[in-house]
Each structure stands twice: as structure tokens, then as C-alpha cells.
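One file, input20.cif, is given below (mmCIF, C-alpha atoms).
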data_final
loop_
_atom_site.label_atom_id
_atom_site.label_comp_id
_atom_site.auth_asym_id
_atom_site.auth_seq_id
_atom_site.Cartn_x
_atom_site.Cartn_y
_atom_site.Cartn_z
CA MET A 1 -21.17 1.93 -9.70
CA SER A 2 -20.61 -1.70 -10.64
CA GLY A 3 -22.78 -3.37 -13.22
CA MET A 4 -24.59 -5.28 -10.49
CA GLY A 5 -25.73 -2.42 -8.31
CA PRO A 6 -24.70 0.42 -6.05
CA GLU A 7 -21.43 0.25 -4.17
CA VAL A 8 -22.08 -0.50 -0.50
CA ILE A 9 -19.64 1.56 1.55
CA CYS A 10 -19.18 0.81 5.23
CA THR A 11 -16.59 3.21 6.64
CA ALA A 12 -16.19 6.97 6.80
CA GLY A 13 -12.76 6.80 5.20
CA ALA A 14 -13.93 4.76 2.23
CA MET A 15 -16.93 7.04 1.78
CA ARG A 16 -14.73 10.14 1.70
CA LEU A 17 -12.40 8.58 -0.85
CA TRP A 18 -15.37 7.69 -3.06
CA SER A 19 -16.88 11.18 -2.87
CA ARG A 20 -13.59 12.98 -3.41
CA ALA A 21 -12.82 10.87 -6.46
CA HIS A 22 -16.14 11.83 -8.04
CA ARG A 23 -15.70 15.47 -7.06
CA ALA A 24 -12.21 15.50 -8.62
CA ALA A 25 -13.82 14.22 -11.82
CA GLY A 26 -16.18 17.21 -11.78
CA ARG A 27 -19.29 15.33 -10.75
CA ARG A 28 -22.05 16.81 -8.59
CA ILE A 29 -22.93 14.62 -5.58
CA SER A 30 -26.29 14.33 -3.85
CA LEU A 31 -27.10 12.64 -0.55
CA VAL A 32 -30.39 11.21 0.70
CA PRO A 33 -30.06 10.40 4.43
CA THR A 34 -32.38 7.61 5.60
CA MET A 35 -32.78 5.08 8.39
CA GLY A 36 -33.73 2.38 5.90
CA PHE A 37 -36.92 0.32 5.52
CA LEU A 38 -37.51 2.40 2.42
CA HIS A 39 -40.99 3.19 1.14
CA ASP A 40 -42.24 5.15 -1.87
CA GLY A 41 -41.77 8.42 0.00
CA HIS A 42 -38.05 7.71 0.40
CA LEU A 43 -37.81 6.64 -3.21
CA SER A 44 -39.36 9.92 -4.35
CA LEU A 45 -36.52 11.70 -2.52
CA VAL A 46 -34.00 9.51 -4.35
CA SER A 47 -35.61 10.37 -7.69
CA ALA A 48 -35.36 14.06 -6.81
CA ALA A 49 -31.67 13.57 -5.99
CA VAL A 50 -31.05 11.78 -9.30
CA ALA A 51 -32.51 14.78 -11.13
CA ARG A 52 -30.24 17.21 -9.28
CA SER A 53 -26.82 15.58 -9.50
CA ASP A 54 -24.47 13.30 -11.39
CA VAL A 55 -24.01 10.70 -8.66
CA VAL A 56 -26.33 9.78 -5.78
CA VAL A 57 -25.47 8.47 -2.33
CA VAL A 58 -28.16 7.08 -0.03
CA SER A 59 -27.16 6.60 3.61
CA ILE A 60 -28.86 3.87 5.63
CA TYR A 61 -28.23 4.21 9.35
CA VAL A 62 -30.56 3.83 12.31
CA ASN A 63 -29.18 6.65 14.44
CA PRO A 64 -29.04 5.75 18.15
CA ALA A 65 -28.51 9.38 19.16
CA GLN A 66 -32.12 10.25 18.33
CA PHE A 67 -33.63 7.40 20.37
CA ALA A 68 -33.95 7.63 24.14
CA ALA A 69 -33.19 4.47 26.11
CA HIS A 70 -36.90 3.58 26.34
CA GLU A 71 -37.73 4.21 22.67
CA ASP A 72 -37.98 1.84 19.71
CA PHE A 73 -34.38 1.73 18.50
CA GLY A 74 -34.26 -2.05 18.81
CA THR A 75 -37.59 -2.62 17.07
CA TYR A 76 -37.29 0.04 14.36
CA PRO A 77 -38.11 -1.86 11.14
CA ARG A 78 -35.18 -2.89 8.94
CA ASP A 79 -35.01 -4.51 5.50
CA PRO A 80 -31.45 -4.18 4.15
CA GLU A 81 -31.88 -6.60 1.24
CA GLY A 82 -35.13 -4.98 0.12
CA ASP A 83 -33.62 -1.52 0.47
CA LEU A 84 -30.68 -2.36 -1.79
CA ALA A 85 -32.98 -3.85 -4.42
CA LYS A 86 -35.11 -0.70 -4.48
CA LEU A 87 -32.08 1.58 -4.72
CA ARG A 88 -30.53 -0.52 -7.46
CA ALA A 89 -33.68 -0.10 -9.56
CA LEU A 90 -33.38 3.69 -9.28
CA GLY A 91 -29.74 3.76 -10.37
CA VAL A 92 -28.26 4.86 -7.04
CA HIS A 93 -24.47 4.91 -7.25
CA ALA A 94 -23.50 4.28 -3.63
CA VAL A 95 -25.12 3.22 -0.37
CA PHE A 96 -23.34 4.41 2.76
CA GLN A 97 -24.23 1.78 5.33
CA PRO A 98 -21.92 2.20 8.33
CA THR A 99 -22.01 -0.22 11.21
CA HIS A 100 -21.56 2.67 13.61
CA LEU A 101 -20.80 6.39 13.54
CA TYR A 102 -20.09 7.07 17.21
CA VAL A 103 -17.10 6.20 19.34
CA GLN A 104 -18.13 3.35 21.63
CA ASP A 105 -17.13 2.77 25.22
CA GLY A 106 -15.49 -0.40 26.48
CA GLY A 107 -18.90 -2.07 26.83
CA GLY A 108 -19.80 -1.56 23.18
CA LYS A 109 -22.27 1.24 23.95
CA SER A 110 -22.27 4.63 22.26
CA VAL A 111 -25.12 7.05 23.01
CA HIS A 112 -28.21 6.67 25.22
CA GLY A 113 -27.06 3.19 26.23
CA HIS A 114 -27.63 1.73 22.76
CA SER A 115 -25.29 -0.62 20.96
CA ASP A 116 -24.56 1.50 17.91
CA GLY A 117 -25.20 0.02 14.50
CA SER A 118 -27.89 -0.37 11.89
CA ARG A 119 -28.13 -4.14 12.26
CA HIS A 120 -27.39 -5.12 8.71
CA GLU A 121 -25.89 -8.47 9.62
CA GLY A 122 -26.06 -10.81 6.70
CA ALA A 123 -27.61 -8.25 4.39
CA GLY A 124 -27.58 -9.70 0.93
CA GLY A 125 -27.89 -8.02 -2.40
CA SER A 126 -25.72 -7.41 -5.40
CA GLY A 127 -23.93 -4.26 -4.38
CA GLU A 128 -20.16 -4.00 -4.37
CA VAL A 129 -18.97 -3.65 -0.77
CA LYS A 130 -16.14 -1.28 0.14
CA GLY A 131 -14.64 -0.75 3.55
CA GLY A 132 -15.99 -3.92 5.14
CA GLY A 133 -18.57 -6.66 4.73
CA ASP A 134 -18.21 -10.13 3.25
CA ALA A 135 -19.30 -11.25 -0.19
CA GLU A 136 -22.11 -13.76 -0.29
CA ALA A 137 -21.36 -17.18 -1.74
CA GLY A 138 -22.08 -17.17 -5.42
CA GLY A 139 -20.62 -13.76 -6.20
CA GLY A 140 -23.07 -11.23 -4.73
CA ALA A 141 -21.81 -8.92 -2.02
CA GLY A 142 -23.36 -8.67 1.38
CA GLY A 143 -24.06 -5.60 3.46
CA CYS A 144 -21.84 -4.23 6.21
CA GLN A 145 -21.73 -6.71 9.05
CA LEU A 146 -21.44 -5.80 12.70
CA GLY A 147 -18.29 -7.27 14.09
CA ALA A 148 -16.80 -7.94 10.65
CA SER A 149 -13.24 -6.91 10.07
CA GLN A 150 -12.95 -3.42 8.63
CA PRO A 151 -9.98 -3.18 6.25
CA LYS A 152 -8.19 0.12 5.84
CA SER A 153 -9.74 2.22 3.12
CA GLY A 154 -6.78 4.48 2.47
CA VAL A 155 -8.00 7.18 4.87
CA GLU A 156 -7.72 6.17 8.48
CA ASP A 157 -10.97 6.23 10.45
CA LYS A 158 -10.07 7.91 13.71
CA GLY A 159 -11.81 7.23 16.99
CA GLY A 160 -13.85 4.30 15.74
CA VAL A 161 -16.01 6.45 13.44
CA GLY A 162 -17.63 4.52 10.62
CA GLY A 163 -16.62 1.05 11.67
CA GLY A 164 -13.28 1.26 13.47
CA GLY A 165 -14.37 0.72 17.08
CA GLY A 166 -12.79 2.43 20.05
CA ALA A 167 -10.27 1.02 22.47
CA GLY A 168 -11.51 -0.32 25.77
CA ASP A 169 -10.54 2.86 27.61
CA GLU A 170 -11.65 5.22 24.85
CA PRO A 171 -14.03 7.93 26.12
CA PRO A 172 -17.39 7.65 24.33
CA HIS A 173 -18.84 10.18 21.94
CA GLU A 174 -19.66 13.50 23.64
CA THR A 175 -19.91 16.21 20.95
CA TYR A 176 -23.37 17.24 19.73
CA VAL A 177 -24.96 19.87 17.51
CA THR A 178 -27.98 21.78 18.81
CA VAL A 179 -30.18 24.29 17.03
CA GLU A 180 -31.27 26.22 20.07
CA SER A 181 -34.71 27.70 19.41
CA LEU A 182 -36.12 25.48 16.64
CA GLN A 183 -35.68 22.33 18.71
CA VAL A 184 -37.90 23.71 21.48
CA GLY A 185 -41.58 22.82 21.27
CA LEU A 186 -43.51 20.33 19.10
CA CYS A 187 -41.55 17.04 19.08
CA GLY A 188 -38.94 18.62 21.35
CA VAL A 189 -41.37 18.60 24.29
CA THR A 190 -41.79 14.83 24.57
CA ARG A 191 -38.52 13.90 22.83
CA PRO A 192 -36.01 16.48 24.13
CA HIS A 193 -33.05 14.39 22.98
CA PHE A 194 -34.29 13.89 19.44
CA PHE A 195 -33.18 16.92 17.45
CA ARG A 196 -29.75 17.04 19.04
CA GLY A 197 -29.29 13.52 17.73
CA VAL A 198 -30.65 14.38 14.28
CA ALA A 199 -28.54 17.50 13.84
CA THR A 200 -25.43 15.68 15.02
CA VAL A 201 -25.77 12.70 12.70
CA VAL A 202 -26.64 14.88 9.70
CA ALA A 203 -23.59 17.06 10.39
CA LYS A 204 -21.48 13.90 10.55
CA LEU A 205 -22.93 12.64 7.28
CA PHE A 206 -22.23 15.97 5.59
CA ASN A 207 -18.63 15.87 6.81
CA ILE A 208 -18.20 12.28 5.60
CA VAL A 209 -20.04 12.30 2.26
CA GLU A 210 -19.32 15.96 1.39
CA PRO A 211 -22.40 16.31 -0.83
CA ASP A 212 -23.36 19.26 -2.99
CA VAL A 213 -27.07 18.56 -2.46
CA ALA A 214 -29.00 16.82 0.31
CA VAL A 215 -32.66 15.88 -0.11
CA PHE A 216 -35.09 15.57 2.80
CA GLY A 217 -38.81 14.95 3.05
CA LYS A 218 -41.01 17.45 4.84
CA LYS A 219 -43.09 14.91 6.76
CA ASP A 220 -40.69 15.54 9.64
CA TYR A 221 -41.25 19.26 9.24
CA GLN A 222 -39.46 20.44 12.37
CA GLN A 223 -36.48 18.26 11.47
CA TRP A 224 -36.29 19.76 7.97
CA ARG A 225 -36.35 23.30 9.33
CA ILE A 226 -33.67 22.45 11.90
CA ILE A 227 -31.38 21.03 9.23
CA ARG A 228 -31.83 24.11 7.05
CA ARG A 229 -30.98 26.35 9.99
CA MET A 230 -27.95 24.27 10.95
CA VAL A 231 -26.61 24.43 7.39
CA ARG A 232 -27.06 28.20 7.32
CA ASP A 233 -25.54 28.82 10.74
CA LEU A 234 -22.55 26.49 10.38
CA ASP A 235 -21.79 27.44 6.76
CA PHE A 236 -22.15 23.99 5.28
CA ASP A 237 -21.82 24.30 1.51
CA VAL A 238 -24.80 22.01 0.90
CA ASP A 239 -28.01 22.82 -0.96
CA ILE A 240 -30.87 21.53 1.21
CA VAL A 241 -33.90 20.43 -0.81
CA GLY A 242 -37.22 19.82 0.96
CA MET A 243 -39.65 17.61 -0.92
CA PRO A 244 -43.41 17.59 -0.30
CA LEU A 245 -44.79 15.04 2.14
CA ALA A 246 -45.64 11.77 0.37
CA ARG A 247 -48.98 10.10 1.10
CA GLU A 248 -50.57 6.72 0.64
CA ALA A 249 -53.52 6.51 -1.75
CA ASP A 250 -55.96 7.11 1.13
CA GLY A 251 -54.02 10.14 2.39
CA LEU A 252 -52.03 8.67 5.29
CA ALA A 253 -48.55 10.18 5.46
CA MET A 254 -45.98 7.61 4.38
CA SER A 255 -43.78 6.41 7.22
CA SER A 256 -41.58 3.40 7.93
CA ARG A 257 -43.53 3.01 11.19
CA ASN A 258 -46.86 2.52 9.38
CA VAL A 259 -46.04 -1.19 9.09
CA ARG A 260 -46.42 -1.47 12.87
CA LEU A 261 -50.01 -0.21 12.86
CA THR A 262 -52.76 -2.78 13.40
CA PRO A 263 -55.32 -2.94 10.55
CA GLU A 264 -57.80 -1.07 12.77
CA HIS A 265 -55.35 1.67 13.69
CA ARG A 266 -54.14 1.90 10.08
CA ALA A 267 -57.69 2.62 8.91
CA ALA A 268 -58.36 5.05 11.75
CA ALA A 269 -55.16 7.05 11.26
CA VAL A 270 -56.41 8.40 7.94
CA ALA A 271 -58.44 10.82 10.07
CA ILE A 272 -55.28 12.93 10.52
CA SER A 273 -54.89 13.82 6.85
CA VAL A 274 -58.63 14.23 6.36
CA ALA A 275 -58.78 16.73 9.21
CA LEU A 276 -55.68 18.60 8.03
CA THR A 277 -57.15 18.92 4.54
CA ALA A 278 -60.38 20.28 6.00
CA ALA A 279 -58.47 22.76 8.18
CA ALA A 280 -56.47 23.95 5.17
CA ALA A 281 -59.72 24.47 3.25
CA VAL A 282 -61.09 26.66 6.06
CA ALA A 283 -57.91 28.75 6.01
CA ALA A 284 -57.99 29.02 2.21
CA ALA A 285 -61.58 30.21 2.25
CA ALA A 286 -60.70 32.86 4.82
CA ALA A 287 -57.69 33.99 2.80
CA ALA A 288 -59.81 34.28 -0.34
CA GLY A 289 -62.01 36.75 1.50
CA ARG A 290 -58.98 38.56 2.94
CA GLU A 291 -60.05 37.43 6.39
CA THR A 292 -58.18 35.91 9.30
CA VAL A 293 -59.07 32.70 11.08
CA ARG A 294 -58.17 31.91 14.64
CA SER A 295 -55.64 29.11 14.96
CA GLU A 296 -57.72 27.52 17.70
CA VAL A 297 -60.50 26.88 15.20
CA LEU A 298 -58.13 24.86 13.03
CA THR A 299 -56.37 22.96 15.80
CA ARG A 300 -59.65 22.04 17.51
CA ARG A 301 -60.94 20.56 14.26
CA VAL A 302 -57.87 18.34 13.93
CA CYS A 303 -57.75 17.35 17.62
CA ASP A 304 -61.41 16.37 17.65
CA ALA A 305 -61.01 14.24 14.51
CA ILE A 306 -58.03 12.36 15.94
CA ALA A 307 -59.81 11.72 19.23
CA ALA A 308 -62.98 10.59 17.46
CA SER A 309 -60.97 8.07 15.44
CA GLY A 310 -59.39 6.55 18.55
CA GLY A 311 -56.03 8.29 18.39
CA ARG A 312 -54.24 10.21 21.15
CA VAL A 313 -52.99 13.69 20.38
CA ASP A 314 -49.40 14.53 21.25
CA TYR A 315 -49.61 17.98 19.70
CA VAL A 316 -51.51 19.94 17.07
CA GLU A 317 -50.41 23.54 16.59
CA VAL A 318 -50.38 26.33 14.04
CA VAL A 319 -46.86 27.75 13.81
CA ASP A 320 -44.86 30.12 11.66
CA GLN A 321 -42.98 28.13 9.04
CA ARG A 322 -39.61 29.78 9.62
CA THR A 323 -39.56 30.15 13.40
CA LEU A 324 -41.94 27.32 14.39
CA ARG A 325 -43.43 29.65 16.97
CA PRO A 326 -47.18 29.41 17.57
CA VAL A 327 -49.40 32.00 15.90
CA ALA A 328 -52.78 33.04 17.26
CA GLU A 329 -54.31 33.78 13.86
CA VAL A 330 -53.80 32.69 10.28
CA THR A 331 -53.60 35.79 8.14
CA PRO A 332 -53.48 36.06 4.34
CA GLY A 333 -49.93 36.19 3.04
CA ARG A 334 -48.23 34.67 6.09
CA PRO A 335 -47.02 31.09 5.51
CA VAL A 336 -47.81 28.82 8.44
CA VAL A 337 -47.85 25.07 8.98
CA ILE A 338 -50.04 22.80 11.07
CA PRO A 339 -47.77 20.05 12.44
CA VAL A 340 -49.35 17.02 14.08
CA ALA A 341 -48.09 14.16 16.22
CA ALA A 342 -50.53 11.49 17.35
CA MET A 343 -50.45 7.98 18.76
CA TYR A 344 -52.46 5.11 17.34
CA GLY A 345 -51.87 2.18 19.61
CA GLU A 346 -48.14 2.27 20.35
CA VAL A 347 -47.19 3.92 17.05
CA ARG A 348 -46.43 7.62 16.93
CA LEU A 349 -47.35 9.25 13.61
CA LEU A 350 -46.36 12.64 12.21
CA ASP A 351 -48.14 14.73 9.60
CA ASN A 352 -48.42 18.38 8.64
CA MET A 353 -50.07 20.79 6.26
CA GLU A 354 -48.47 23.97 4.92
CA ILE A 355 -50.84 26.91 4.51
CA GLY A 356 -50.10 30.04 2.51
CA GLY A 357 -47.32 28.55 0.38
CA GLU A 358 -43.78 27.74 1.45
CA ALA A 359 -41.54 30.19 3.29
CA LEU A 360 -38.01 29.71 2.01
#

Turn the structure described in the file into C-alpha cells.
Amino acid sequence: MSGMGPEVICTAGAMRLWSRAHRAAGRRISLVPTMGFLHDGHLSLVSAAVARSDVVVVSIYVNPAQFAAHEDFGTYPRDPEGDLAKLRALGVHAVFQPTHLYVQDGGGKSVHGHSDGSRHEGAGGSGEVKGGGDAEAGGGAGGCQLGASQPKSGVEDKGGVGGGGGAGDEPPHETYVTVESLQVGLCGVTRPHFFRGVATVVAKLFNIVEPDVAVFGKKDYQQWRIIRRMVRDLDFDVDIVGMPLAREADGLAMSSRNVRLTPEHRAAAVAISVALTAAAAVAAAAAAGRETVRSEVLTRRVCDAIAASGGRVDYVEVVDQRTLRPVAEVTPGRPVVIPVAAMYGEVRLLDNMEIGGEAL
């Protein structure tokens, strides 16, 4: 890391060289994958990574493969300069900020009709850029710029991955990772493309960064379980750490999308965490008496609270933590989770509450 901040790395080849140099020096590498617009929840993941390794990489990439053509890829909030400043303060060593990770067709499209890239044009900051991006006037380095020339990093980026760009007749990206059963249900019902995109980009990041540890938040509970299963099934030598869901002072689950809530919807959305806490208390009281409680009792409590606050329920279920399959009753000693997805206005929010401890 330079004295001015984390190294900003823009290509897969440059990122591999960086990681392999640190590994050769005997250093333990951790990765925190993000889509940017970092909040305190993300920063808590970074702090956990710092405590578990010698060098920390944070990836910032808005992944088009997890957005359908009609979803909010183009309006997903971005703040590259602010992100770099926050990561610099935490002592992050490198920021992997690729312009694209998928081979593009002749029209500049990659997956789901999106123009790949995390839209970091003109990102300022005082990070040292490797593998692309122009230095700002006055000495600071900018972020990775779409369309900027991408110098060779010493390891050739094949097929346009990480900033190379495909030839006009190059077939677009077509290889995906799916975790068959865990991606069914919950978010997979209304967003059937989502987890294929998540698993694929995380697999790509693991292959590029080659971390020893990867840290994820458990707000996206189904996503966290899918990544753990993928790592187990495909023999990735990566320790997956799941950190507890981070909340605002009033209990709302932290999310980059919270900024898009109107003041009225922001106040109303607190009903989700209040209802989940109440449902967990009912389950805890039943467990203390060695009694079971029907899952319907818990889900109805949460659904009614969301509806009463003006939200629209996508799903509220009680599922086994490992399999994510619905359970009819919550019994003492069996870890379950209540995952929630709800709409407030046009913003889709996720939350969850683990009951009975954590099933590893």
C-alpha cells in the first residue's frame, strides 16, 4: 500500500500479480466483496477482515449478472470517491475496481443486456492505480475509468476479463455457477436470475484475488448460505466468514438502497426489525419452556406489521438455516431463520432474524 492510500487495481491480471506477490511473502489475504456505496455495515466487514489477515482487498463492482434487464442496475447508488476515503481510513491495502468482468459482445453488452462496468468514471481519491486509470492533476490517482486504456499488467487478461474488452466477433460470456437447491425459493422466486449471477461473480473474484478469507454480511442470508455451499462443493480453499447483520440505531437493516427511501418510507420500514424482534421473543419464550411454536404464528406477526406500516410483503418465511427449506414448527434446539423481503415504495428491503443460534 502506498503512503497515500490503498492501491486501486483495475484488471484481473494486475490483481493476481498483487495477490501472488503477497502470498509469496507469506502474507494472509482477505477479501471483502462489495458493490460499493459503502455504509457502516460494509465497514464492519472490512474491520473483521483486517483482524483475520495481513493484507485486505475490497472489491467494488456492480455486478450486471445479478440484475435483470428491468431492475435497478443503472440507478444503483455509487460513490467511488467516498468509498476510497472510507477504505483508506481503515487501512485497506488494495481496492479491486474492475471496469468489467464479463466478455462483452460487439455492441458493448455483457449479461442481461447491460453495459458491464461499475461506472467509476472520474473517480478521484488518493489511491495508487494499477492496471488502468489516469492520475488526477495534482498527484492523486483516479479510479478505473470505462474506456480508458488498460496497459498490460504482466499477466495477460484473456477474453476481455477485468478490463480487456472482447473483439467485435467475440462470443459473450456464457458460463455460470448455480447452487441448485439453495437458490430455489425466497429471493429466487421473484429474482430467478439473481443467485446465478452472485455465485458466478464471487467464483470469478475468488479465482482472481485468490484470498485465504472472504468476509460477507448475513443481511443477504440466502446469498451467504449459497456462497458457503458453493465453496464447499467446488473445493475453493477460502474460509468464508459470515458477520452478523448490521443495523441502524433505530433497528433498520443497513443497506445501500436505504438512501433511496423517502423519509416516510424510511420511518415506516423500521416495522420490519421491530416485528422480527418480537417474533424471536415469542420463539425464545417457547424454547425456554421446551415448547414448540407454529411458524405461521411468527410469519403472520411479521406480515401484519409490514402491511400495517404501509409496506408490501414479498416473502416472510421460517426456514431451516442450512437447507433454507420451510419448517412448520420452531422446536428447541433446531436453528432456523426468518428471512424477510418487503417493498417500501419502489425500494426492496431485506432483513432476517436467526433463532436458536447459528448452524455452521

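Of the listed residues (A:Arg23, A:Gly311, A:Ala269, A:Ala328), A:Ala328 comes nearest to Ser295 in chain A; the distances count only C-alpha atoms.
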
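Summary of the local environment: counting only C-alpha atoms, residues at most 10 Å from Gly333 in chain A, other than itself and those fewer than 6 positions away along its chain, are Ala287, Arg290, Ile355, Gly356 and Gly357 of chain A.
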
Selection to disk with C-alpha atoms, as a PDB file, keeping the file's coordinate frame:
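Written file, out_16.pdb:
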ATOM      1  CA  ALA A 287     -57.690  33.990   2.800  1.00  0.00           C
ATOM      2  CA  ARG A 290     -58.980  38.560   2.940  1.00  0.00           C
ATOM      3  CA  ILE A 355     -50.840  26.910   4.510  1.00  0.00           C
ATOM      4  CA  GLY A 356     -50.100  30.040   2.510  1.00  0.00           C
ATOM      5  CA  GLY A 357     -47.320  28.550   0.380  1.00  0.00           C
TER       6      GLY A 357
END

Any chance you could work out the residue set of the PyMOL selection byres ((chain A and resi 91) around 10) here, as JSON, numbers by chain?
-> {"A": [1, 5, 6, 46, 47, 50, 55, 56, 86, 87, 88, 89, 90, 92, 93, 94]}

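Counting only C-alpha atoms, the residue from A:Arg228, A:Arg325, A:Arg294, A:Arg257 that sits nearest to Gly345 in chain A is A:Arg257.
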
Could you list the residues chosen by the PyMOL selection byres ((chain A and resi 266) around 12) in this structure as a PyMOL selection string?
-> chain A and resi 248+250-255+257-265+267-272+309-311+343-349

Write out as a PyMOL selection string each polymer residue whose atoms come within 7 Å of range 176-181 of chain A, counting only C-alpha atoms; drop sequence neighbours fewer than 6 positions from it.
-> chain A and resi 196+199-200+226+230

Got time to write the residues from that selection, C-alpha atoms, as a compact mmCIF listing (two decimals), keeping the file's coordinate frame?
# COMPACT_ATOMS: atom_id res chain seq x y z
CA ARG A 196 -29.75 17.04 19.04
CA ALA A 199 -28.54 17.50 13.84
CA THR A 200 -25.43 15.68 15.02
CA ILE A 226 -33.67 22.45 11.90
CA MET A 230 -27.95 24.27 10.95

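Taking CA of Ser30 in chain A and CA of Val231 in chain A as the two end points, the separation is 15.1 Å.
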
So what does the PyMOL selection byres ((chain A and resi 353) around 6) actually pick up in this one, as a list in words?
-> Val337, Ile338, Asn352 and Glu354 of chain A

Using the block above, I'd like range 240-249 of chain A written out, keeping all heavy atoms and formatting it as a PDB file, in the first residue's frame.
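And here is the file that came out, result17.pdb:
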ATOM      1  N   ILE A 240     -14.875 -18.877   4.595  1.00  0.00           N
ATOM      2  CA  ILE A 240     -15.994 -17.947   4.454  1.00  0.00           C
ATOM      3  C   ILE A 240     -16.473 -17.529   5.843  1.00  0.00           C
ATOM      4  O   ILE A 240     -16.909 -18.357   6.639  1.00  0.00           O
ATOM      5  CB  ILE A 240     -17.154 -18.580   3.659  1.00  0.00           C
ATOM      6  CG1 ILE A 240     -16.663 -19.037   2.291  1.00  0.00           C
ATOM      7  CG2 ILE A 240     -18.302 -17.581   3.524  1.00  0.00           C
ATOM      8  CD1 ILE A 240     -16.114 -17.934   1.423  1.00  0.00           C
ATOM      9  N   VAL A 241     -16.400 -16.237   6.108  1.00  0.00           N
ATOM     10  CA  VAL A 241     -16.808 -15.687   7.401  1.00  0.00           C
ATOM     11  C   VAL A 241     -18.112 -14.930   7.201  1.00  0.00           C
ATOM     12  O   VAL A 241     -18.209 -14.052   6.330  1.00  0.00           O
ATOM     13  CB  VAL A 241     -15.725 -14.744   7.962  1.00  0.00           C
ATOM     14  CG1 VAL A 241     -16.211 -14.094   9.261  1.00  0.00           C
ATOM     15  CG2 VAL A 241     -14.422 -15.493   8.182  1.00  0.00           C
ATOM     16  N   GLY A 242     -19.123 -15.263   7.990  1.00  0.00           N
ATOM     17  CA  GLY A 242     -20.401 -14.555   7.962  1.00  0.00           C
ATOM     18  C   GLY A 242     -20.533 -13.671   9.180  1.00  0.00           C
ATOM     19  O   GLY A 242     -20.488 -14.165  10.308  1.00  0.00           O
ATOM     20  N   MET A 243     -20.684 -12.393   8.972  1.00  0.00           N
ATOM     21  CA  MET A 243     -20.788 -11.440  10.079  1.00  0.00           C
ATOM     22  C   MET A 243     -22.254 -11.077  10.328  1.00  0.00           C
ATOM     23  O   MET A 243     -23.066 -11.023   9.397  1.00  0.00           O
ATOM     24  CB  MET A 243     -19.995 -10.173   9.761  1.00  0.00           C
ATOM     25  CG  MET A 243     -18.502 -10.426   9.609  1.00  0.00           C
ATOM     26  SD  MET A 243     -17.747 -11.130  11.098  1.00  0.00           S
ATOM     27  CE  MET A 243     -17.977  -9.761  12.255  1.00  0.00           C
ATOM     28  N   PRO A 244     -22.605 -10.834  11.593  1.00  0.00           N
ATOM     29  CA  PRO A 244     -23.995 -10.511  11.925  1.00  0.00           C
ATOM     30  C   PRO A 244     -24.493  -9.298  11.150  1.00  0.00           C
ATOM     31  O   PRO A 244     -23.735  -8.382  10.805  1.00  0.00           O
ATOM     32  CB  PRO A 244     -23.940 -10.213  13.426  1.00  0.00           C
ATOM     33  CG  PRO A 244     -22.732 -10.946  13.918  1.00  0.00           C
ATOM     34  CD  PRO A 244     -21.748 -10.898  12.795  1.00  0.00           C
ATOM     35  N   LEU A 245     -25.776  -9.311  10.876  1.00  0.00           N
ATOM     36  CA  LEU A 245     -26.440  -8.211  10.185  1.00  0.00           C
ATOM     37  C   LEU A 245     -26.236  -6.912  10.954  1.00  0.00           C
ATOM     38  O   LEU A 245     -26.412  -6.866  12.179  1.00  0.00           O
ATOM     39  CB  LEU A 245     -27.919  -8.555  10.051  1.00  0.00           C
ATOM     40  CG  LEU A 245     -28.839  -7.663   9.250  1.00  0.00           C
ATOM     41  CD1 LEU A 245     -30.013  -8.491   8.739  1.00  0.00           C
ATOM     42  CD2 LEU A 245     -29.368  -6.511  10.087  1.00  0.00           C
ATOM     43  N   ALA A 246     -25.849  -5.855  10.270  1.00  0.00           N
ATOM     44  CA  ALA A 246     -25.640  -4.553  10.906  1.00  0.00           C
ATOM     45  C   ALA A 246     -26.909  -3.717  10.783  1.00  0.00           C
ATOM     46  O   ALA A 246     -27.575  -3.718   9.739  1.00  0.00           O
ATOM     47  CB  ALA A 246     -24.470  -3.825  10.251  1.00  0.00           C
ATOM     48  N   ARG A 247     -27.233  -2.994  11.846  1.00  0.00           N
ATOM     49  CA  ARG A 247     -28.473  -2.209  11.878  1.00  0.00           C
ATOM     50  C   ARG A 247     -28.202  -0.748  12.196  1.00  0.00           C
ATOM     51  O   ARG A 247     -27.215  -0.407  12.854  1.00  0.00           O
ATOM     52  CB  ARG A 247     -29.433  -2.785  12.927  1.00  0.00           C
ATOM     53  CG  ARG A 247     -29.866  -4.217  12.633  1.00  0.00           C
ATOM     54  CD  ARG A 247     -30.949  -4.700  13.596  1.00  0.00           C
ATOM     55  NE  ARG A 247     -31.329  -6.073  13.286  1.00  0.00           N
ATOM     56  CZ  ARG A 247     -32.184  -6.422  12.335  1.00  0.00           C
ATOM     57  NH1 ARG A 247     -32.752  -5.478  11.600  1.00  0.00           N
ATOM     58  NH2 ARG A 247     -32.469  -7.686  12.110  1.00  0.00           N
ATOM     59  N   GLU A 248     -29.094   0.097  11.697  1.00  0.00           N
ATOM     60  CA  GLU A 248     -29.087   1.495  12.088  1.00  0.00           C
ATOM     61  C   GLU A 248     -29.509   1.602  13.562  1.00  0.00           C
ATOM     62  O   GLU A 248     -29.970   0.623  14.163  1.00  0.00           O
ATOM     63  CB  GLU A 248     -30.050   2.302  11.212  1.00  0.00           C
ATOM     64  CG  GLU A 248     -29.785   2.194   9.720  1.00  0.00           C
ATOM     65  CD  GLU A 248     -28.566   2.980   9.273  1.00  0.00           C
ATOM     66  OE1 GLU A 248     -27.959   3.669  10.114  1.00  0.00           O
ATOM     67  OE2 GLU A 248     -28.230   2.905   8.073  1.00  0.00           O
ATOM     68  N   ALA A 249     -29.357   2.779  14.129  1.00  0.00           N
ATOM     69  CA  ALA A 249     -29.673   2.963  15.543  1.00  0.00           C
ATOM     70  C   ALA A 249     -31.123   2.607  15.865  1.00  0.00           C
ATOM     71  O   ALA A 249     -31.424   2.134  16.969  1.00  0.00           O
ATOM     72  CB  ALA A 249     -29.386   4.410  15.954  1.00  0.00           C
TER      73      ALA A 249
END
